[in-house]
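A.B. asks: Just upload33.cif, nothing more (mmCIF, C-alpha atoms and all ligand atoms):
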data_input
loop_
_atom_site.label_atom_id
_atom_site.label_comp_id
_atom_site.auth_asym_id
_atom_site.auth_seq_id
_atom_site.Cartn_x
_atom_site.Cartn_y
_atom_site.Cartn_z
CA MET Z 1 6.94 -46.57 -12.00
CA SER Z 2 7.82 -42.93 -11.44
CA LYS Z 3 5.62 -40.79 -13.67
CA LYS Z 4 7.65 -37.62 -13.43
CA VAL Z 5 7.81 -36.40 -17.02
CA ILE Z 6 10.50 -33.85 -17.76
CA SER Z 7 9.27 -30.87 -19.77
CA VAL Z 8 11.19 -28.51 -22.01
CA LYS Z 9 10.48 -24.83 -22.42
CA PHE Z 10 9.93 -23.41 -25.89
CA ASN Z 11 11.21 -20.02 -27.07
CA ASN Z 12 7.67 -18.65 -26.51
CA GLY Z 13 7.69 -19.62 -22.82
CA LEU Z 14 5.31 -22.58 -23.19
CA SER Z 15 6.22 -26.05 -21.94
CA CYS Z 16 6.21 -29.38 -23.73
CA PRO Z 17 6.63 -32.84 -22.19
CA ILE Z 18 9.93 -34.16 -23.54
CA LEU Z 19 8.45 -37.63 -24.17
CA GLY Z 20 5.30 -38.20 -26.22
CA LEU Z 21 3.49 -41.02 -27.97
CA GLY Z 22 4.04 -41.20 -31.73
CA THR Z 23 1.07 -42.22 -33.89
CA TRP Z 24 2.61 -42.52 -37.38
CA LYS Z 25 1.85 -46.06 -38.63
CA SER Z 26 -0.64 -46.67 -35.79
CA LYS Z 27 -3.64 -48.12 -37.54
CA PRO Z 28 -7.25 -47.20 -36.90
CA GLY Z 29 -8.49 -50.11 -34.83
CA GLU Z 30 -5.27 -50.05 -32.78
CA VAL Z 31 -4.63 -46.43 -32.02
CA TYR Z 32 -7.63 -45.83 -29.73
CA ASP Z 33 -6.33 -48.36 -27.21
CA ALA Z 34 -2.78 -47.11 -27.62
CA VAL Z 35 -3.68 -43.50 -26.82
CA SER Z 36 -6.04 -44.51 -23.98
CA SER Z 37 -3.43 -46.71 -22.35
CA ALA Z 38 -0.75 -44.10 -22.81
CA ILE Z 39 -2.83 -41.42 -21.07
CA ASP Z 40 -3.64 -43.86 -18.25
CA MET Z 41 0.08 -44.50 -17.82
CA GLY Z 42 0.94 -40.81 -17.59
CA TYR Z 43 1.76 -39.80 -21.15
CA ARG Z 44 0.56 -36.24 -21.69
CA HIS Z 45 2.01 -35.56 -25.15
CA ILE Z 46 0.53 -37.14 -28.28
CA ASP Z 47 2.09 -36.53 -31.70
CA CYS Z 48 -0.41 -36.67 -34.57
CA ALA Z 49 -0.69 -35.63 -38.21
CA TYR Z 50 -3.43 -35.28 -40.78
CA LEU Z 51 -1.49 -37.61 -43.10
CA TYR Z 52 -1.51 -40.48 -40.60
CA GLY Z 53 -5.20 -40.99 -41.35
CA ASN Z 54 -6.05 -41.80 -37.73
CA GLU Z 55 -6.75 -38.45 -36.08
CA ARG Z 56 -10.45 -39.21 -35.60
CA GLU Z 57 -9.67 -42.30 -33.53
CA VAL Z 58 -6.87 -40.58 -31.63
CA GLY Z 59 -9.38 -37.82 -30.88
CA GLN Z 60 -11.96 -40.29 -29.59
CA ALA Z 61 -9.46 -41.64 -27.08
CA ILE Z 62 -8.45 -38.13 -25.98
CA GLN Z 63 -12.07 -37.01 -25.59
CA ASP Z 64 -13.02 -40.13 -23.64
CA LYS Z 65 -10.13 -39.56 -21.23
CA ILE Z 66 -11.13 -35.93 -20.76
CA ARG Z 67 -14.83 -36.80 -20.33
CA SER Z 68 -14.10 -39.50 -17.77
CA GLY Z 69 -11.95 -37.07 -15.76
CA VAL Z 70 -8.65 -38.92 -16.16
CA VAL Z 71 -7.04 -35.84 -17.61
CA LYS Z 72 -7.85 -32.21 -18.35
CA ARG Z 73 -7.40 -30.69 -21.79
CA GLU Z 74 -4.90 -28.18 -20.46
CA ASP Z 75 -2.71 -30.97 -19.10
CA LEU Z 76 -2.36 -32.55 -22.54
CA PHE Z 77 0.02 -31.52 -25.29
CA ILE Z 78 -1.36 -32.36 -28.74
CA THR Z 79 0.51 -31.84 -32.01
CA SER Z 80 -0.71 -32.10 -35.57
CA LYS Z 81 0.84 -31.30 -38.95
CA LEU Z 82 -0.11 -29.47 -42.11
CA TRP Z 83 0.13 -31.78 -45.13
CA ASN Z 84 2.00 -30.81 -48.32
CA THR Z 85 -1.14 -30.28 -50.42
CA TYR Z 86 -2.39 -27.52 -48.11
CA HIS Z 87 0.61 -25.16 -48.16
CA ARG Z 88 -1.14 -22.42 -50.12
CA PRO Z 89 -1.81 -19.72 -47.51
CA ASP Z 90 -5.61 -19.75 -47.94
CA LEU Z 91 -5.68 -23.52 -47.31
CA VAL Z 92 -3.79 -23.47 -44.01
CA GLU Z 93 -6.64 -22.46 -41.71
CA PRO Z 94 -9.15 -24.90 -43.26
CA ALA Z 95 -6.51 -27.65 -42.89
CA ILE Z 96 -5.97 -27.08 -39.17
CA ARG Z 97 -9.74 -26.93 -38.71
CA VAL Z 98 -10.05 -30.42 -40.25
CA SER Z 99 -7.48 -31.79 -37.78
CA LEU Z 100 -9.12 -29.96 -34.86
CA SER Z 101 -12.50 -31.35 -35.81
CA SER Z 102 -11.14 -34.92 -36.15
CA LEU Z 103 -9.34 -34.64 -32.83
CA GLY Z 104 -12.38 -33.03 -31.18
CA LEU Z 105 -10.29 -30.12 -29.90
CA GLN Z 106 -10.71 -26.34 -29.79
CA TYR Z 107 -6.99 -25.71 -30.14
CA LEU Z 108 -3.73 -27.56 -30.75
CA ASP Z 109 -0.66 -27.15 -28.62
CA LEU Z 110 1.56 -27.36 -31.67
CA TYR Z 111 1.00 -27.31 -35.42
CA LEU Z 112 3.89 -28.10 -37.75
CA ILE Z 113 4.52 -27.72 -41.47
CA HIS Z 114 4.99 -31.46 -42.10
CA TRP Z 115 7.52 -31.06 -44.96
CA PRO Z 116 8.98 -28.00 -46.72
CA MET Z 117 7.79 -29.27 -50.13
CA ALA Z 118 4.39 -28.12 -51.41
CA TYR Z 119 2.41 -30.60 -53.54
CA LYS Z 120 -0.37 -29.80 -55.97
CA GLU Z 121 -3.32 -28.48 -53.96
CA GLY Z 122 -6.24 -30.81 -53.34
CA ASP Z 123 -7.39 -33.71 -51.21
CA ASP Z 124 -5.23 -36.39 -52.87
CA PRO Z 125 -2.23 -36.40 -50.50
CA PHE Z 126 0.10 -37.66 -53.25
CA PRO Z 127 -1.29 -36.13 -56.47
CA SER Z 128 0.49 -37.89 -59.32
CA ASP Z 129 0.85 -37.61 -63.09
CA ALA Z 130 0.35 -40.36 -65.68
CA ASN Z 131 3.82 -41.74 -64.85
CA GLY Z 132 3.04 -41.95 -61.16
CA LYS Z 133 5.26 -38.98 -60.29
CA VAL Z 134 4.04 -36.63 -57.58
CA ILE Z 135 2.89 -33.25 -58.95
CA TYR Z 136 4.46 -30.38 -57.10
CA SER Z 137 3.23 -26.87 -56.30
CA ASP Z 138 5.51 -23.85 -56.23
CA VAL Z 139 4.11 -22.32 -53.04
CA ASP Z 140 7.04 -21.14 -50.95
CA TYR Z 141 7.10 -22.39 -47.38
CA THR Z 142 7.83 -18.85 -46.12
CA ASP Z 143 4.36 -17.86 -47.38
CA THR Z 144 2.94 -20.93 -45.66
CA TRP Z 145 4.73 -19.83 -42.49
CA LYS Z 146 2.98 -16.45 -42.51
CA ALA Z 147 -0.36 -18.29 -42.65
CA MET Z 148 0.78 -20.51 -39.76
CA GLU Z 149 1.41 -17.36 -37.69
CA ASN Z 150 -2.23 -16.37 -38.18
CA LEU Z 151 -3.27 -19.64 -36.52
CA VAL Z 152 -1.52 -18.57 -33.33
CA LYS Z 153 -3.16 -15.14 -33.49
CA GLN Z 154 -6.55 -16.83 -33.84
CA GLY Z 155 -5.91 -19.17 -30.93
CA LEU Z 156 -6.10 -22.29 -33.10
CA SER Z 157 -2.61 -23.41 -32.10
CA ARG Z 158 -0.57 -22.33 -29.09
CA SER Z 159 2.76 -22.91 -30.83
CA ILE Z 160 3.89 -23.47 -34.38
CA GLY Z 161 6.92 -25.19 -35.85
CA VAL Z 162 8.36 -27.09 -38.76
CA SER Z 163 9.24 -30.65 -39.57
CA ASN Z 164 11.88 -32.06 -41.93
CA PHE Z 165 13.40 -28.62 -42.58
CA ASN Z 166 17.13 -28.34 -43.21
CA SER Z 167 19.26 -25.56 -41.72
CA LYS Z 168 19.00 -23.30 -44.77
CA GLN Z 169 15.22 -23.63 -44.82
CA ILE Z 170 15.02 -22.78 -41.13
CA ASP Z 171 17.07 -19.65 -41.67
CA ARG Z 172 14.78 -18.58 -44.53
CA VAL Z 173 11.78 -18.96 -42.21
CA LEU Z 174 13.56 -17.05 -39.43
CA GLN Z 175 14.27 -14.19 -41.81
CA ILE Z 176 10.57 -13.49 -42.32
CA ALA Z 177 9.12 -14.84 -39.06
CA LYS Z 178 7.22 -12.66 -36.65
CA ILE Z 179 6.63 -15.80 -34.58
CA LYS Z 180 9.63 -18.16 -34.41
CA PRO Z 181 9.24 -21.90 -34.90
CA VAL Z 182 9.50 -23.61 -31.50
CA THR Z 183 10.71 -26.93 -32.87
CA ASN Z 184 11.97 -28.74 -35.93
CA GLN Z 185 10.74 -32.32 -35.89
CA VAL Z 186 13.14 -34.57 -37.79
CA GLU Z 187 14.25 -38.16 -38.04
CA CYS Z 188 16.80 -38.60 -35.26
CA HIS Z 189 18.35 -41.69 -33.66
CA PRO Z 190 21.89 -43.02 -33.20
CA TYR Z 191 22.31 -43.92 -36.89
CA LEU Z 192 21.27 -40.35 -37.84
CA GLY Z 193 22.47 -38.30 -34.88
CA GLN Z 194 21.73 -34.86 -36.43
CA ARG Z 195 24.64 -33.31 -34.52
CA LYS Z 196 25.00 -30.29 -36.79
CA LEU Z 197 21.27 -29.63 -37.08
CA LEU Z 198 20.86 -29.98 -33.29
CA GLU Z 199 23.55 -27.39 -32.64
CA PHE Z 200 22.20 -25.10 -35.37
CA CYS Z 201 18.68 -25.24 -33.91
CA GLN Z 202 19.90 -24.82 -30.32
CA GLU Z 203 21.80 -21.66 -31.33
CA ARG Z 204 18.52 -20.26 -32.65
CA GLY Z 205 16.35 -21.26 -29.69
CA ILE Z 206 14.62 -24.06 -31.60
CA ILE Z 207 14.25 -27.43 -29.88
CA LEU Z 208 14.75 -30.55 -31.95
CA THR Z 209 12.07 -33.27 -31.86
CA ALA Z 210 13.12 -36.79 -32.80
CA TYR Z 211 10.81 -38.96 -34.85
CA SER Z 212 11.65 -42.59 -35.55
CA PRO Z 213 13.78 -42.67 -32.38
CA LEU Z 214 13.67 -46.48 -32.36
CA GLY Z 215 14.61 -46.70 -36.03
CA SER Z 216 11.01 -47.32 -37.18
CA PRO Z 217 11.32 -51.09 -37.77
CA ASP Z 218 7.70 -50.96 -39.04
CA ARG Z 219 8.46 -48.47 -41.85
CA PRO Z 220 6.63 -49.81 -44.89
CA TRP Z 221 9.75 -49.90 -47.10
CA ALA Z 222 12.00 -51.79 -44.65
CA LYS Z 223 13.85 -54.64 -46.35
CA ALA Z 224 15.05 -57.91 -44.90
CA GLY Z 225 18.67 -57.44 -43.88
CA ASP Z 226 18.38 -53.70 -43.15
CA PRO Z 227 20.24 -52.92 -39.89
CA THR Z 228 17.89 -52.82 -36.90
CA LEU Z 229 18.70 -50.19 -34.32
CA LEU Z 230 16.87 -52.03 -31.53
CA ASP Z 231 19.15 -55.05 -32.16
CA ASP Z 232 22.36 -53.08 -32.48
CA PRO Z 233 25.09 -54.71 -30.34
CA LYS Z 234 26.27 -51.36 -28.92
CA VAL Z 235 22.74 -50.34 -27.90
CA LYS Z 236 22.22 -53.79 -26.37
CA LEU Z 237 25.51 -53.55 -24.52
CA VAL Z 238 24.51 -50.30 -22.81
CA ALA Z 239 21.02 -51.71 -22.15
CA GLU Z 240 22.43 -54.83 -20.47
CA LYS Z 241 24.82 -52.75 -18.38
CA LEU Z 242 22.02 -50.48 -17.11
CA LYS Z 243 19.42 -53.28 -16.91
CA LYS Z 244 17.13 -51.44 -19.31
CA THR Z 245 15.63 -52.38 -22.66
CA PRO Z 246 17.22 -51.17 -25.92
CA ALA Z 247 14.12 -49.00 -26.53
CA GLN Z 248 14.55 -47.32 -23.15
CA ILE Z 249 18.21 -46.62 -23.95
CA LEU Z 250 17.27 -45.07 -27.31
CA ILE Z 251 14.59 -42.90 -25.70
CA ARG Z 252 16.87 -41.80 -22.90
CA TYR Z 253 19.59 -41.06 -25.47
CA ALA Z 254 17.32 -38.41 -27.02
CA ILE Z 255 16.20 -37.02 -23.65
CA ASP Z 256 19.77 -36.72 -22.39
CA ARG Z 257 20.64 -34.71 -25.52
CA GLY Z 258 17.75 -32.29 -24.78
CA ILE Z 259 15.68 -33.62 -27.67
CA ILE Z 260 11.91 -34.16 -27.52
CA VAL Z 261 11.19 -37.80 -28.41
CA ILE Z 262 8.02 -39.47 -29.68
CA PRO Z 263 8.38 -43.28 -29.88
CA LYS Z 264 5.42 -44.99 -31.55
CA SER Z 265 3.85 -48.14 -30.14
CA VAL Z 266 0.43 -49.74 -30.22
CA ASN Z 267 1.42 -52.43 -27.73
CA LYS Z 268 0.48 -51.81 -24.10
CA THR Z 269 3.57 -53.44 -22.65
CA ARG Z 270 5.87 -51.51 -24.96
CA ILE Z 271 3.98 -48.24 -24.38
CA ALA Z 272 4.66 -48.75 -20.67
CA ASP Z 273 8.27 -49.78 -21.30
CA ASN Z 274 8.90 -46.64 -23.34
CA PHE Z 275 7.55 -44.42 -20.56
CA ASN Z 276 9.60 -46.03 -17.82
CA VAL Z 277 12.71 -43.94 -18.39
CA TRP Z 278 12.69 -41.47 -15.52
CA ASP Z 279 14.83 -43.37 -13.03
CA PHE Z 280 18.12 -43.37 -14.92
CA LYS Z 281 20.41 -41.23 -17.06
CA LEU Z 282 23.08 -42.13 -19.55
CA SER Z 283 26.66 -41.31 -18.57
CA LYS Z 284 28.87 -39.38 -20.97
CA GLU Z 285 30.63 -42.67 -21.69
CA ASP Z 286 27.33 -44.39 -22.61
CA ILE Z 287 26.37 -41.45 -24.82
CA ASP Z 288 29.75 -41.63 -26.57
CA VAL Z 289 29.33 -45.36 -27.24
CA ILE Z 290 25.90 -44.80 -28.77
CA SER Z 291 26.97 -41.68 -30.68
CA SER Z 292 29.71 -43.73 -32.36
CA LEU Z 293 26.93 -45.44 -34.35
CA ASP Z 294 26.24 -42.24 -36.32
CA CYS Z 295 26.55 -43.11 -40.03
CA ASN Z 296 24.15 -40.72 -41.80
CA GLY Z 297 21.75 -43.66 -41.73
CA ARG Z 298 18.55 -42.00 -42.92
CA LEU Z 299 15.58 -44.37 -42.86
CA ILE Z 300 12.85 -41.94 -44.00
CA PRO Z 301 14.16 -40.39 -47.25
CA GLN Z 302 10.78 -39.17 -48.60
CA ALA Z 303 11.92 -40.40 -51.99
CA GLU Z 304 8.77 -39.39 -53.88
CA GLY Z 305 9.59 -35.71 -53.35
CA ARG Z 306 13.26 -36.10 -54.24
CA GLU Z 307 13.22 -33.76 -57.28
CA HIS Z 308 11.26 -31.02 -55.56
CA LYS Z 309 13.12 -27.69 -55.34
CA ASP Z 310 12.48 -27.66 -51.59
CA HIS Z 311 13.41 -31.28 -50.84
CA PRO Z 312 15.36 -30.91 -47.59
CA PHE Z 313 17.79 -33.82 -47.77
CA VAL Z 314 20.25 -32.53 -50.33
CA LYS Z 315 23.89 -33.47 -49.98
CA GLU Z 316 25.34 -30.04 -49.33
CA GLU Z 317 22.80 -29.14 -46.59
CA PHE Z 318 22.27 -30.45 -43.08
P1 LIG Z 401 4.64 -51.73 -31.82
O1 LIG Z 401 3.83 -50.54 -32.25
O2 LIG Z 401 4.05 -53.03 -32.23
O3 LIG Z 401 5.02 -51.66 -30.37
P2 LIG Z 401 9.58 -45.60 -34.13
O4 LIG Z 401 8.99 -44.89 -32.95
O5 LIG Z 401 11.06 -45.41 -34.25
O6 LIG Z 401 8.84 -45.30 -35.41
O7 LIG Z 401 9.42 -47.16 -33.87
C1 LIG Z 401 8.15 -47.78 -33.84
C2 LIG Z 401 8.34 -49.26 -33.99
O8 LIG Z 401 9.05 -49.79 -32.89
C3 LIG Z 401 7.06 -50.04 -34.09
O9 LIG Z 401 7.26 -51.16 -34.94
C4 LIG Z 401 6.83 -50.49 -32.67
O10 LIG Z 401 6.05 -51.67 -32.62
C5 LIG Z 401 8.24 -50.78 -32.20
N1 LIG Z 401 8.42 -50.56 -30.76
C6 LIG Z 401 7.92 -49.57 -30.02
N2 LIG Z 401 8.33 -49.66 -28.73
C7 LIG Z 401 9.12 -50.75 -28.67
C8 LIG Z 401 9.83 -51.39 -27.62
N3 LIG Z 401 9.82 -50.91 -26.39
N4 LIG Z 401 10.54 -52.51 -27.93
C9 LIG Z 401 10.57 -53.01 -29.19
N5 LIG Z 401 9.91 -52.45 -30.22
C10 LIG Z 401 9.19 -51.33 -29.98
#
Have the structure of the file written as structure tokens, please.
Ligand code: A2P
C.D. replies:
Amino acid sequence: MSKKVISVKFNNGLSCPILGLGTWKSKPGEVYDAVSSAIDMGYRHIDCAYLYGNEREVGQAIQDKIRSGVVKREDLFITSKLWNTYHRPDLVEPAIRVSLSSLGLQYLDLYLIHWPMAYKEGDDPFPSDANGKVIYSDVDYTDTWKAMENLVKQGLSRSIGVSNFNSKQIDRVLQIAKIKPVTNQVECHPYLGQRKLLEFCQERGIILTAYSPLGSPDRPWAKAGDPTLLDDPKVKLVAEKLKKTPAQILIRYAIDRGIIVIPKSVNKTRIADNFNVWDFKLSKEDIDVISSLDCNGRLIPQAEGREHKDHPFVKEEF
């Protein structure tokens, strides 16, 4: 297996491996082995978040690989994300310090605002009222952004970015930013191709990162009968033609569009499969076939924040 990982260059001059291991939905008890195996196989980019509840175990795997000399800290690219209940500017630095401590790191390579919506401050990640509705906070994400910039100045994160921001929200951040976001991490796969957002971000020097690139078949709210991207006949057709797996086609589809991609797996064989994508490229014809699947098929709607003033997925925005 060729281990030549392509990297992309951010607008601040720093590099990021275009393929990383996702850890959303990776359970404690599984994620240590997943991260260890991934690093052994050549993965150098691990995507984490406070909300995933597994940063301590991810950190143990990273530290063990550094201690045993398999990899150096500076060769790894580690991302974490600021959760919605810590948007208030004075809470941002303590929040990154919690993730750094869990991960056992002195600095992150990338810290993202996980969602534009602020929730009521506190340690309950989904603070809710008597009717079970999430309680919001009115902190504006542009104020959160200014606190994120301080993290770079303090050396706590090399780069900063956003996640799940729509185009209007990105422009609001750019209007006040002294440090530009390097990426916008969003759901992106053939059913939700994000063509407009990709172009919008590219025009502003922001690289898109695709989460759920395989269609997240393990999303907790998946229902029987929901379409499964990995089983889609058009994806399978291209996979059979190129003698690759559907997952490899979906990963390469992101890479060939210049998008950073972070497939999640806790299975050693599939972690290897997902990394074995360096010896082929999709032709324009293959890309067109896969792009024809685009149907605004959003799988991660973040429904509990739907009525928030800053919910990003409103009809008139992209
Ligand atoms: P597992 O962790 O058991 O390997 P996404 O990255 O879009 O969220 O998708 C993650 C889901 O896709 C998980 O259920 C994961 O299962 C599964 N998965 C990851 N890699 C592959 C693969 N190569 N083939 C099939 N399913 C995969």
A.B. asks: Please build the interface table for chain Z against ligand LIG 401 (chain Z) with a cut-off of 10 Å, listing for each qualifying residue the nearest atom pair and the distance in Å to one decimal; count all atoms listed in the file, order rows by chain and increasing number, and write it as a tab-separated table.
C.D. replies:
residue	atom	partner	partner_atom	distance
Z:Leu21	CA	Z:LIG401	O4	8.4
Z:Gly22	CA	Z:LIG401	O4	6.3
Z:Thr23	CA	Z:LIG401	O4	8.4
Z:Trp24	CA	Z:LIG401	O6	7.1
Z:Lys25	CA	Z:LIG401	O6	7.7
Z:Ser26	CA	Z:LIG401	O1	6.9
Z:Lys27	CA	Z:LIG401	O1	9.5
Z:Glu30	CA	Z:LIG401	O1	9.1
Z:Val31	CA	Z:LIG401	O1	9.4
Z:Ala34	CA	Z:LIG401	O1	8.8
Z:Glu187	CA	Z:LIG401	O5	8.8
Z:Cys188	CA	Z:LIG401	O5	9.0
Z:His189	CA	Z:LIG401	O5	8.2
Z:Ala210	CA	Z:LIG401	O5	9.0
Z:Tyr211	CA	Z:LIG401	O5	6.5
Z:Ser212	CA	Z:LIG401	O5	3.2
Z:Pro213	CA	Z:LIG401	O5	4.3
Z:Leu214	CA	Z:LIG401	O5	3.4
Z:Gly215	CA	Z:LIG401	O5	4.2
Z:Ser216	CA	Z:LIG401	O6	3.5
Z:Pro217	CA	Z:LIG401	O9	4.9
Z:Asp218	CA	Z:LIG401	O9	4.1
Z:Arg219	CA	Z:LIG401	O6	7.2
Z:Leu229	CA	Z:LIG401	O5	9.0
Z:Leu230	CA	Z:LIG401	C9	6.8
Z:Asp231	CA	Z:LIG401	C9	9.3
Z:Thr245	CA	Z:LIG401	N3	7.1
Z:Pro246	CA	Z:LIG401	N4	7.1
Z:Ala247	CA	Z:LIG401	N3	4.7
Z:Gln248	CA	Z:LIG401	N3	6.8
Z:Ile249	CA	Z:LIG401	N3	9.7
Z:Leu250	CA	Z:LIG401	O5	9.3
Z:Ile251	CA	Z:LIG401	N3	9.3
Z:Val261	CA	Z:LIG401	O4	8.7
Z:Ile262	CA	Z:LIG401	O4	6.4
Z:Pro263	CA	Z:LIG401	O4	3.5
Z:Lys264	CA	Z:LIG401	O4	3.8
Z:Ser265	CA	Z:LIG401	O1	3.2
Z:Val266	CA	Z:LIG401	O1	4.0
Z:Asn267	CA	Z:LIG401	O3	4.5
Z:Lys268	CA	Z:LIG401	O3	7.7
Z:Thr269	CA	Z:LIG401	N3	7.7
Z:Arg270	CA	Z:LIG401	N3	4.2
Z:Ile271	CA	Z:LIG401	N2	6.3
Z:Ala272	CA	Z:LIG401	N3	8.0
Z:Asp273	CA	Z:LIG401	N3	5.4
Z:Asn274	CA	Z:LIG401	N3	5.3
Z:Phe275	CA	Z:LIG401	N3	9.0
Z:Asn276	CA	Z:LIG401	N3	9.9
Z:Leu299	CA	Z:LIG401	O5	9.8
A.B. asks: Compile the contact shell of Cys295 in chain Z as a PDB file with C-alpha atoms, in the frame of the given file: residues with an atom at most 7 Å away, counting all atoms listed in the file, same-chain residues fewer than 2 positions apart removed.
C.D. replies:
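File out_21.pdb, as written:
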ATOM      1  CA  TYR Z 191      22.310 -43.920 -36.890  1.00  0.00           C
ATOM      2  CA  LEU Z 192      21.270 -40.350 -37.840  1.00  0.00           C
ATOM      3  CA  LEU Z 293      26.930 -45.440 -34.350  1.00  0.00           C
ATOM      4  CA  GLY Z 297      21.750 -43.660 -41.730  1.00  0.00           C
TER       5      GLY Z 297
END
A.B. asks: Can you work out which one of Z:Pro312, Z:Gly305, Z:Gly205, Z:Pro190 has the shortest atom-to-atom distance to Ser167 in chain Z, counting all atoms listed in the file?
C.D. replies: Z:Pro312
A.B. asks: Go ahead and compute the interatomic distance for CA of Tyr136 in chain Z and CA of Ile300 in chain Z, in Å to one decimal.
C.D. replies: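 Here the two named atoms are 19.4 Å from each other.
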A.B. asks: Which one is closest to Ile113 in chain Z: Z:Ile207, Z:Ile179, Z:Met148, Z:Leu82? Count all atoms listed in the file.
C.D. replies: Z:Leu82
A.B. asks: Go through Z:Arg56, Z:His45, Z:Arg204, Z:His311 and flag the residue nearest Tyr141 in chain Z, using only C-alpha atoms for the distances.
C.D. replies: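 Of Z:Arg56, Z:His45, Z:Arg204, Z:His311, the one nearest Tyr141 in chain Z, counting only C-alpha atoms, is Z:His311.
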A.B. asks: What gap, in Å, lies between CA of Asp171 in chain Z and CA of Thr209 in chain Z?
C.D. replies: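 So the two atoms, CA of Asp171 in chain Z and CA of Thr209 in chain Z, lie 17.5 Å apart.
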A.B. asks: For CA of Gly104 in chain Z and CA of Gly59 in chain Z, determine how far apart the two atoms are, in Å to one decimal place.
C.D. replies: 5.7 Å
A.B. asks: Using all atoms listed in the file, which of Z:Thr85, Z:Thr183, Z:Ile78, Z:Leu19 sits nearest Tyr253 in chain Z?
C.D. replies: Z:Leu19
A.B. asks: Taking all atoms of range 153-171 of chain Z that appear in the file, build a box with edges along x, y and z, extend it by 6 Å on every side, and state its centre and edge lengths in Å to one decimal, as AutoDock Vina command-line options.
C.D. replies:
--center_x 6.4 --center_y -23.6 --center_z -37.0 --size_x 37.8 --size_y 28.9 --size_z 27.7
A.B. asks: Which of these, Z:Lys196, Z:Lys236, Z:Lys309, Z:Arg158, has the shortest distance to Gly13 in chain Z once you count all atoms listed in the file?
C.D. replies: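 Among the listed residues, the smallest separation from Gly13 in chain Z belongs to Z:Arg158.
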A.B. asks: Which is closer to Asp256 in chain Z than all the others in Z:Val8, Z:Ser80, Z:Arg298, Z:Ser128, using only C-alpha atoms?
C.D. replies: Z:Val8
A.B. asks: Just give me the residues with any atom within 10 Å of (16.4, -26.1, -32.1), file coordinates, counting all atoms listed in the file, written as a ChimeraX atom specification.
C.D. replies: /Z:10-11,170,181-185,197-209,258-259
A.B. asks: Please produce a file of the residues just selected, as a PDB file, in the frame of the given file, where the atoms kept are C-alpha atoms.
C.D. replies:
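Saved file out21.pdb follows:
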ATOM      1  CA  PHE Z  10       9.930 -23.410 -25.890  1.00  0.00           C
ATOM      2  CA  ASN Z  11      11.210 -20.020 -27.070  1.00  0.00           C
ATOM      3  CA  ILE Z 170      15.020 -22.780 -41.130  1.00  0.00           C
ATOM      4  CA  PRO Z 181       9.240 -21.900 -34.900  1.00  0.00           C
ATOM      5  CA  VAL Z 182       9.500 -23.610 -31.500  1.00  0.00           C
ATOM      6  CA  THR Z 183      10.710 -26.930 -32.870  1.00  0.00           C
ATOM      7  CA  ASN Z 184      11.970 -28.740 -35.930  1.00  0.00           C
ATOM      8  CA  GLN Z 185      10.740 -32.320 -35.890  1.00  0.00           C
ATOM      9  CA  LEU Z 197      21.270 -29.630 -37.080  1.00  0.00           C
ATOM     10  CA  LEU Z 198      20.860 -29.980 -33.290  1.00  0.00           C
ATOM     11  CA  GLU Z 199      23.550 -27.390 -32.640  1.00  0.00           C
ATOM     12  CA  PHE Z 200      22.200 -25.100 -35.370  1.00  0.00           C
ATOM     13  CA  CYS Z 201      18.680 -25.240 -33.910  1.00  0.00           C
ATOM     14  CA  GLN Z 202      19.900 -24.820 -30.320  1.00  0.00           C
ATOM     15  CA  GLU Z 203      21.800 -21.660 -31.330  1.00  0.00           C
ATOM     16  CA  ARG Z 204      18.520 -20.260 -32.650  1.00  0.00           C
ATOM     17  CA  GLY Z 205      16.350 -21.260 -29.690  1.00  0.00           C
ATOM     18  CA  ILE Z 206      14.620 -24.060 -31.600  1.00  0.00           C
ATOM     19  CA  ILE Z 207      14.250 -27.430 -29.880  1.00  0.00           C
ATOM     20  CA  LEU Z 208      14.750 -30.550 -31.950  1.00  0.00           C
ATOM     21  CA  THR Z 209      12.070 -33.270 -31.860  1.00  0.00           C
ATOM     22  CA  GLY Z 258      17.750 -32.290 -24.780  1.00  0.00           C
ATOM     23  CA  ILE Z 259      15.680 -33.620 -27.670  1.00  0.00           C
TER      24      ILE Z 259
END
A.B. asks: Residues at most 10 Å from Asp310 in chain Z, counting all atoms listed in the file, excluding those fewer than 6 positions away in the same chain, as a PDB file with C-alpha atoms, keeping the file's coordinate frame?
C.D. replies:
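Final output, saved to result30.pdb:
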ATOM      1  CA  TRP Z 115       7.520 -31.060 -44.960  1.00  0.00           C
ATOM      2  CA  PRO Z 116       8.980 -28.000 -46.720  1.00  0.00           C
ATOM      3  CA  MET Z 117       7.790 -29.270 -50.130  1.00  0.00           C
ATOM      4  CA  ALA Z 118       4.390 -28.120 -51.410  1.00  0.00           C
ATOM      5  CA  ASP Z 138       5.510 -23.850 -56.230  1.00  0.00           C
ATOM      6  CA  ASP Z 140       7.040 -21.140 -50.950  1.00  0.00           C
ATOM      7  CA  TYR Z 141       7.100 -22.390 -47.380  1.00  0.00           C
ATOM      8  CA  PHE Z 165      13.400 -28.620 -42.580  1.00  0.00           C
ATOM      9  CA  ASN Z 166      17.130 -28.340 -43.210  1.00  0.00           C
ATOM     10  CA  GLN Z 169      15.220 -23.630 -44.820  1.00  0.00           C
TER      11      GLN Z 169
END
A.B. asks: Write out as a VMD selection string which residues come within 9 Å of Tyr86 in chain Z when counting only C-alpha atoms, dropping same-chain ones fewer than 3 positions away.
C.D. replies: chain Z and resid 82 to 83 89 to 92 94 to 95 118 to 123 144
A.B. asks: Can you pull out every residue within 10 Å of Asp286 in chain Z, counting all atoms listed in the file, but drop anything in the same chain fewer than 3 positions away, and send it as an MDAnalysis selection string?
C.D. replies: chainID Z and resid 234:235 237:239 241:242 249 253 281:283 289:291
